[in-house]
$ cat entry_25.pdb   # PDB, C-alpha atoms
ATOM      1  CA  MET N 119       4.627 -21.603 -26.607  1.00  0.00           C
ATOM      2  CA  LYS N 120       6.901 -22.858 -23.897  1.00  0.00           C
ATOM      3  CA  ARG N 121       6.995 -20.491 -20.923  1.00  0.00           C
ATOM      4  CA  THR N 122       8.480 -22.730 -18.219  1.00  0.00           C
ATOM      5  CA  TRP N 123      12.040 -24.004 -18.437  1.00  0.00           C
ATOM      6  CA  ALA N 124      14.029 -26.367 -16.251  1.00  0.00           C
ATOM      7  CA  LEU N 125      17.293 -24.679 -15.267  1.00  0.00           C
ATOM      8  CA  GLN N 126      19.431 -27.149 -17.238  1.00  0.00           C
ATOM      9  CA  ASP N 127      17.317 -26.576 -20.379  1.00  0.00           C
ATOM     10  CA  ALA N 128      17.521 -22.818 -19.848  1.00  0.00           C
ATOM     11  CA  LYS N 129      21.324 -23.038 -19.659  1.00  0.00           C
ATOM     12  CA  ASN N 130      21.606 -25.288 -22.718  1.00  0.00           C
ATOM     13  CA  ARG N 131      19.161 -23.255 -24.833  1.00  0.00           C
ATOM     14  CA  PHE N 132      19.805 -19.777 -23.452  1.00  0.00           C
ATOM     15  CA  SER N 133      19.658 -18.057 -26.853  1.00  0.00           C
ATOM     16  CA  GLU N 134      16.233 -19.588 -27.513  1.00  0.00           C
ATOM     17  CA  LEU N 135      15.112 -18.630 -24.001  1.00  0.00           C
ATOM     18  CA  VAL N 136      16.061 -14.998 -24.625  1.00  0.00           C
ATOM     19  CA  SER N 137      14.247 -15.008 -27.978  1.00  0.00           C
ATOM     20  CA  LYS N 138      11.110 -16.401 -26.337  1.00  0.00           C
ATOM     21  CA  ALA N 139      11.256 -13.715 -23.637  1.00  0.00           C
ATOM     22  CA  LEU N 140      11.403 -11.057 -26.364  1.00  0.00           C
ATOM     23  CA  GLU N 141       8.635 -12.590 -28.484  1.00  0.00           C
ATOM     24  CA  ALA N 142       6.248 -14.234 -26.037  1.00  0.00           C
ATOM     25  CA  GLY N 143       6.817 -12.483 -22.728  1.00  0.00           C
ATOM     26  CA  PRO N 144       8.186 -13.607 -19.365  1.00  0.00           C
ATOM     27  CA  GLN N 145       9.808 -17.056 -19.196  1.00  0.00           C
ATOM     28  CA  VAL N 146       9.751 -18.980 -15.905  1.00  0.00           C
ATOM     29  CA  ILE N 147      12.842 -20.946 -14.846  1.00  0.00           C
ATOM     30  CA  THR N 148      12.584 -23.813 -12.369  1.00  0.00           C
ATOM     31  CA  ARG N 149      15.201 -25.710 -10.386  1.00  0.00           C
ATOM     32  CA  ARG N 150      14.259 -29.098  -8.957  1.00  0.00           C
ATOM     33  CA  GLY N 151      10.619 -28.345  -9.751  1.00  0.00           C
ATOM     34  CA  GLN N 152      10.551 -25.063  -7.827  1.00  0.00           C
ATOM     35  CA  VAL N 153      10.147 -21.702  -9.564  1.00  0.00           C
ATOM     36  CA  THR N 154      13.417 -19.824  -9.022  1.00  0.00           C
ATOM     37  CA  ALA N 155      13.595 -17.056 -11.623  1.00  0.00           C
ATOM     38  CA  VAL N 156      11.803 -15.270 -14.429  1.00  0.00           C
ATOM     39  CA  LEU N 157      13.492 -13.921 -17.551  1.00  0.00           C
ATOM     40  CA  VAL N 158      11.868 -10.831 -19.057  1.00  0.00           C
ATOM     41  CA  SER N 159      12.876  -8.525 -21.890  1.00  0.00           C
ATOM     42  CA  PHE N 160      14.694  -5.325 -21.015  1.00  0.00           C
ATOM     43  CA  ASP N 161      11.668  -3.256 -22.074  1.00  0.00           C
ATOM     44  CA  GLU N 162       9.434  -5.262 -19.745  1.00  0.00           C
ATOM     45  CA  TRP N 163      11.966  -4.930 -16.909  1.00  0.00           C
ATOM     46  CA  THR N 164      12.124  -1.159 -17.440  1.00  0.00           C
ATOM     47  CA  ARG N 165       8.338  -0.921 -17.361  1.00  0.00           C
ATOM     48  CA  LEU N 166       8.047  -3.054 -14.223  1.00  0.00           C
ATOM     49  CA  SER N 167      10.844  -1.360 -12.293  1.00  0.00           C
ATOM     50  CA  ARG N 168       9.920   2.229 -13.113  1.00  0.00           C
ATOM     51  CA  ARG N 169       9.573   4.339  -9.995  1.00  0.00           C
ATOM     52  CA  ARG N 170       6.041   5.288  -9.253  1.00  0.00           C
ATOM     53  CA  GLY N 171       6.996   8.369  -7.287  1.00  0.00           C
ATOM     54  CA  ARG N 172       8.447   9.326  -3.977  1.00  0.00           C
ATOM     55  CA  LEU N 173       6.430   8.665  -0.844  1.00  0.00           C
ATOM     56  CA  ILE N 174       6.254  12.367  -0.016  1.00  0.00           C
ATOM     57  CA  ASP N 175       4.726  13.099  -3.441  1.00  0.00           C
ATOM     58  CA  VAL N 176       2.132  10.353  -2.962  1.00  0.00           C
ATOM     59  CA  LEU N 177       1.233  11.701   0.484  1.00  0.00           C
ATOM     60  CA  ARG N 178       0.916  15.243  -0.839  1.00  0.00           C
ATOM     61  CA  LYS N 179      -1.571  14.058  -3.473  1.00  0.00           C
ATOM     62  CA  ALA N 180      -3.628  12.064  -0.962  1.00  0.00           C
ATOM     63  CA  PRO N 181      -6.973  13.520   0.121  1.00  0.00           C
ATOM     64  CA  ARG N 182      -6.726  15.553   3.294  1.00  0.00           C
ATOM     65  CA  VAL N 183      -8.573  14.318   6.361  1.00  0.00           C
ATOM     66  CA  SER N 184      -8.815  16.327   9.539  1.00  0.00           C
ATOM     67  CA  PRO N 185      -7.872  14.460  12.741  1.00  0.00           C
ATOM     68  CA  SER N 186     -11.411  14.964  14.021  1.00  0.00           C
ATOM     69  CA  GLY N 187     -12.687  13.160  10.931  1.00  0.00           C
ATOM     70  CA  LEU N 188     -10.849   9.975  11.804  1.00  0.00           C
ATOM     71  CA  ALA N 189     -12.720   7.256  13.640  1.00  0.00           C
ATOM     72  CA  VAL N 190     -10.012   5.279  15.394  1.00  0.00           C
ATOM     73  CA  ASP N 191     -10.919   2.752  18.053  1.00  0.00           C
ATOM     74  CA  ARG N 192      -8.336   2.833  20.801  1.00  0.00           C
ATOM     75  CA  VAL N 193      -7.456  -0.416  22.486  1.00  0.00           C
ATOM     76  CA  LYS N 194      -7.781   0.062  26.247  1.00  0.00           C
ATOM     77  CA  ASP N 195      -5.954  -3.148  27.080  1.00  0.00           C
ATOM     78  CA  LEU N 196      -3.095  -2.597  29.525  1.00  0.00           C
ATOM     79  CA  GLY N 197      -1.038  -5.333  27.964  1.00  0.00           C
ATOM     80  CA  ARG N 198       0.418  -8.256  29.840  1.00  0.00           C
ATOM     81  CA  ASP N 199       2.025  -8.562  33.228  1.00  0.00           C
ATOM     82  CA  VAL N 200       5.789  -8.815  33.153  1.00  0.00           C
ATOM     83  CA  GLU N 201       7.932  -9.917  36.059  1.00  0.00           C
ATOM     84  CA  ILE N 202      11.135  -7.964  36.446  1.00  0.00           C
TER      85      ILE N 202
END

$ encode --input "entry_25.pdb" --output "structure tokens"
Amino acid sequence: MKRTWALQDAKNRFSELVSKALEAGPQVITRRGQVTAVLVSFDEWTRLSRRRGRLIDVLRKAPRVSPSGLAVDRVKDLGRDVEI
């Protein structure tokens, strides 16, 4: 099944493009040979854009590590000289 469409073909056959997105999955649209867009069904878009959770909730679920348990190498470089 066709999954890549030139922009002009996508415009001329939009109804078919939408049907293919519903039946066969994401449809890639190109302009001048470069991929510019992807058409997906609404169900697929909903699944892909669903929030995975707030950052604070993710951090709360993360395993706890005491600061003494971290092995961090500190860079002792003083940086570069700057003339003021």

$ residues_around --input "entry_25.pdb" --residues "Thr148 in chain N" --least-positions-apart "3" --cutoff "6 Å" --atoms "all atoms listed in the file" --output "PyMOL selection string"
chain N and resi 124-125+151-154

$ write_last_selection --input "entry_25.pdb" --atoms "C-alpha atoms" --output "PDB file, in the frame of the given file"
ATOM      1  CA  ALA N 124      14.029 -26.367 -16.251  1.00  0.00           C
ATOM      2  CA  LEU N 125      17.293 -24.679 -15.267  1.00  0.00           C
ATOM      3  CA  GLY N 151      10.619 -28.345  -9.751  1.00  0.00           C
ATOM      4  CA  GLN N 152      10.551 -25.063  -7.827  1.00  0.00           C
ATOM      5  CA  VAL N 153      10.147 -21.702  -9.564  1.00  0.00           C
ATOM      6  CA  THR N 154      13.417 -19.824  -9.022  1.00  0.00           C
TER       7      THR N 154
END

$ atom_distance --input "entry_25.pdb" --atom1 "CA of Ile147 in chain N" --atom2 "CA of Ala128 in chain N"
7.1 Å

$ resolve_selection --input "entry_25.pdb" --expression "the PyMOL selection byres ((chain N and resi 156-168) around 6)" --output "ChimeraX atom specification"
/N:139-140,144-147,155,169

$ atom_distance --input "entry_25.pdb" --atom1 "CA of Leu135 in chain N" --atom2 "CA of Arg149 in chain N"
15.3 Å

$ atom_distance --input "entry_25.pdb" --atom1 "CA of Arg192 in chain N" --atom2 "CA of Val176 in chain N"
27.0 Å

$ build_atoms --input "entry_25.pdb" --residues "range 163-195 of chain N" --atoms "N, CA and C atoms" --output "mmCIF file, in the coordinates of the input"
data_model
loop_
_atom_site.group_PDB
_atom_site.id
_atom_site.type_symbol
_atom_site.label_atom_id
_atom_site.label_comp_id
_atom_site.auth_asym_id
_atom_site.auth_seq_id
_atom_site.Cartn_x
_atom_site.Cartn_y
_atom_site.Cartn_z
ATOM 1 N N TRP N 163 11.301 -5.222 -18.184
ATOM 2 C CA TRP N 163 11.966 -4.930 -16.909
ATOM 3 C C TRP N 163 11.905 -3.433 -16.616
ATOM 4 N N THR N 164 12.172 -2.613 -17.618
ATOM 5 C CA THR N 164 12.124 -1.159 -17.440
ATOM 6 C C THR N 164 10.727 -0.722 -17.024
ATOM 7 N N ARG N 165 9.721 -1.275 -17.691
ATOM 8 C CA ARG N 165 8.338 -0.921 -17.361
ATOM 9 C C ARG N 165 7.988 -1.341 -15.938
ATOM 10 N N LEU N 166 8.390 -2.539 -15.548
ATOM 11 C CA LEU N 166 8.047 -3.054 -14.223
ATOM 12 C C LEU N 166 8.809 -2.371 -13.096
ATOM 13 N N SER N 167 10.019 -1.924 -13.362
ATOM 14 C CA SER N 167 10.844 -1.360 -12.293
ATOM 15 C C SER N 167 10.808 0.163 -12.239
ATOM 16 N N ARG N 168 10.019 0.767 -13.097
ATOM 17 C CA ARG N 168 9.920 2.229 -13.113
ATOM 18 C C ARG N 168 9.394 2.720 -11.768
ATOM 19 N N ARG N 169 10.017 3.766 -11.269
ATOM 20 C CA ARG N 169 9.573 4.339 -9.995
ATOM 21 C C ARG N 169 8.196 4.952 -10.164
ATOM 22 N N ARG N 170 7.401 4.767 -9.208
ATOM 23 C CA ARG N 170 6.041 5.288 -9.253
ATOM 24 C C ARG N 170 5.941 6.634 -8.545
ATOM 25 N N GLY N 171 7.015 7.095 -7.992
ATOM 26 C CA GLY N 171 6.996 8.369 -7.287
ATOM 27 C C GLY N 171 7.518 8.228 -5.874
ATOM 28 N N ARG N 172 7.949 9.330 -5.347
ATOM 29 C CA ARG N 172 8.447 9.326 -3.977
ATOM 30 C C ARG N 172 7.266 9.312 -3.014
ATOM 31 N N LEU N 173 7.488 8.766 -1.843
ATOM 32 C CA LEU N 173 6.430 8.665 -0.844
ATOM 33 C C LEU N 173 5.867 10.035 -0.512
ATOM 34 N N ILE N 174 6.726 11.024 -0.367
ATOM 35 C CA ILE N 174 6.254 12.367 -0.016
ATOM 36 C C ILE N 174 5.314 12.911 -1.086
ATOM 37 N N ASP N 175 5.600 12.633 -2.361
ATOM 38 C CA ASP N 175 4.726 13.099 -3.441
ATOM 39 C C ASP N 175 3.373 12.394 -3.391
ATOM 40 N N VAL N 176 3.383 11.109 -3.077
ATOM 41 C CA VAL N 176 2.132 10.353 -2.962
ATOM 42 C C VAL N 176 1.301 10.904 -1.809
ATOM 43 N N LEU N 177 1.954 11.170 -0.678
ATOM 44 C CA LEU N 177 1.233 11.701 0.484
ATOM 45 C C LEU N 177 0.665 13.087 0.204
ATOM 46 N N ARG N 178 1.405 13.895 -0.513
ATOM 47 C CA ARG N 178 0.916 15.243 -0.839
ATOM 48 C C ARG N 178 -0.321 15.197 -1.727
ATOM 49 N N LYS N 179 -0.425 14.185 -2.571
ATOM 50 C CA LYS N 179 -1.571 14.058 -3.473
ATOM 51 C C LYS N 179 -2.771 13.381 -2.804
ATOM 52 N N ALA N 180 -2.554 12.778 -1.651
ATOM 53 C CA ALA N 180 -3.628 12.064 -0.962
ATOM 54 C C ALA N 180 -4.677 13.047 -0.456
ATOM 55 N N PRO N 181 -5.933 12.633 -0.403
ATOM 56 C CA PRO N 181 -6.973 13.520 0.121
ATOM 57 C C PRO N 181 -6.696 13.870 1.578
ATOM 58 N N ARG N 182 -6.969 15.098 1.923
ATOM 59 C CA ARG N 182 -6.726 15.553 3.294
ATOM 60 C C ARG N 182 -7.900 15.166 4.186
ATOM 61 N N VAL N 183 -7.569 14.695 5.373
ATOM 62 C CA VAL N 183 -8.573 14.318 6.361
ATOM 63 C C VAL N 183 -8.182 14.979 7.666
ATOM 64 N N SER N 184 -9.122 15.689 8.258
ATOM 65 C CA SER N 184 -8.815 16.327 9.539
ATOM 66 C C SER N 184 -8.780 15.260 10.629
ATOM 67 N N PRO N 185 -7.948 15.453 11.664
ATOM 68 C CA PRO N 185 -7.872 14.460 12.741
ATOM 69 C C PRO N 185 -9.229 14.183 13.379
ATOM 70 N N SER N 186 -10.094 15.185 13.428
ATOM 71 C CA SER N 186 -11.411 14.964 14.021
ATOM 72 C C SER N 186 -12.287 14.093 13.124
ATOM 73 N N GLY N 187 -11.921 13.973 11.865
ATOM 74 C CA GLY N 187 -12.687 13.160 10.931
ATOM 75 C C GLY N 187 -12.297 11.695 10.947
ATOM 76 N N LEU N 188 -11.286 11.363 11.727
ATOM 77 C CA LEU N 188 -10.849 9.975 11.804
ATOM 78 C C LEU N 188 -11.595 9.248 12.914
ATOM 79 N N ALA N 189 -12.062 8.077 12.622
ATOM 80 C CA ALA N 189 -12.720 7.256 13.640
ATOM 81 C C ALA N 189 -11.780 6.104 13.965
ATOM 82 N N VAL N 190 -10.987 6.289 15.006
ATOM 83 C CA VAL N 190 -10.012 5.279 15.394
ATOM 84 C C VAL N 190 -10.418 4.706 16.744
ATOM 85 N N ASP N 191 -10.598 3.404 16.788
ATOM 86 C CA ASP N 191 -10.919 2.752 18.053
ATOM 87 C C ASP N 191 -9.626 2.492 18.802
ATOM 88 N N ARG N 192 -9.531 3.013 19.996
ATOM 89 C CA ARG N 192 -8.336 2.833 20.801
ATOM 90 C C ARG N 192 -8.493 1.583 21.655
ATOM 91 N N VAL N 193 -7.464 0.789 21.667
ATOM 92 C CA VAL N 193 -7.456 -0.416 22.486
ATOM 93 C C VAL N 193 -7.119 0.001 23.910
ATOM 94 N N LYS N 194 -7.979 -0.356 24.858
ATOM 95 C CA LYS N 194 -7.781 0.062 26.247
ATOM 96 C C LYS N 194 -7.106 -1.021 27.075
ATOM 97 N N ASP N 195 -6.650 -2.057 26.411
ATOM 98 C CA ASP N 195 -5.954 -3.148 27.080
ATOM 99 C C ASP N 195 -4.643 -2.630 27.664
#
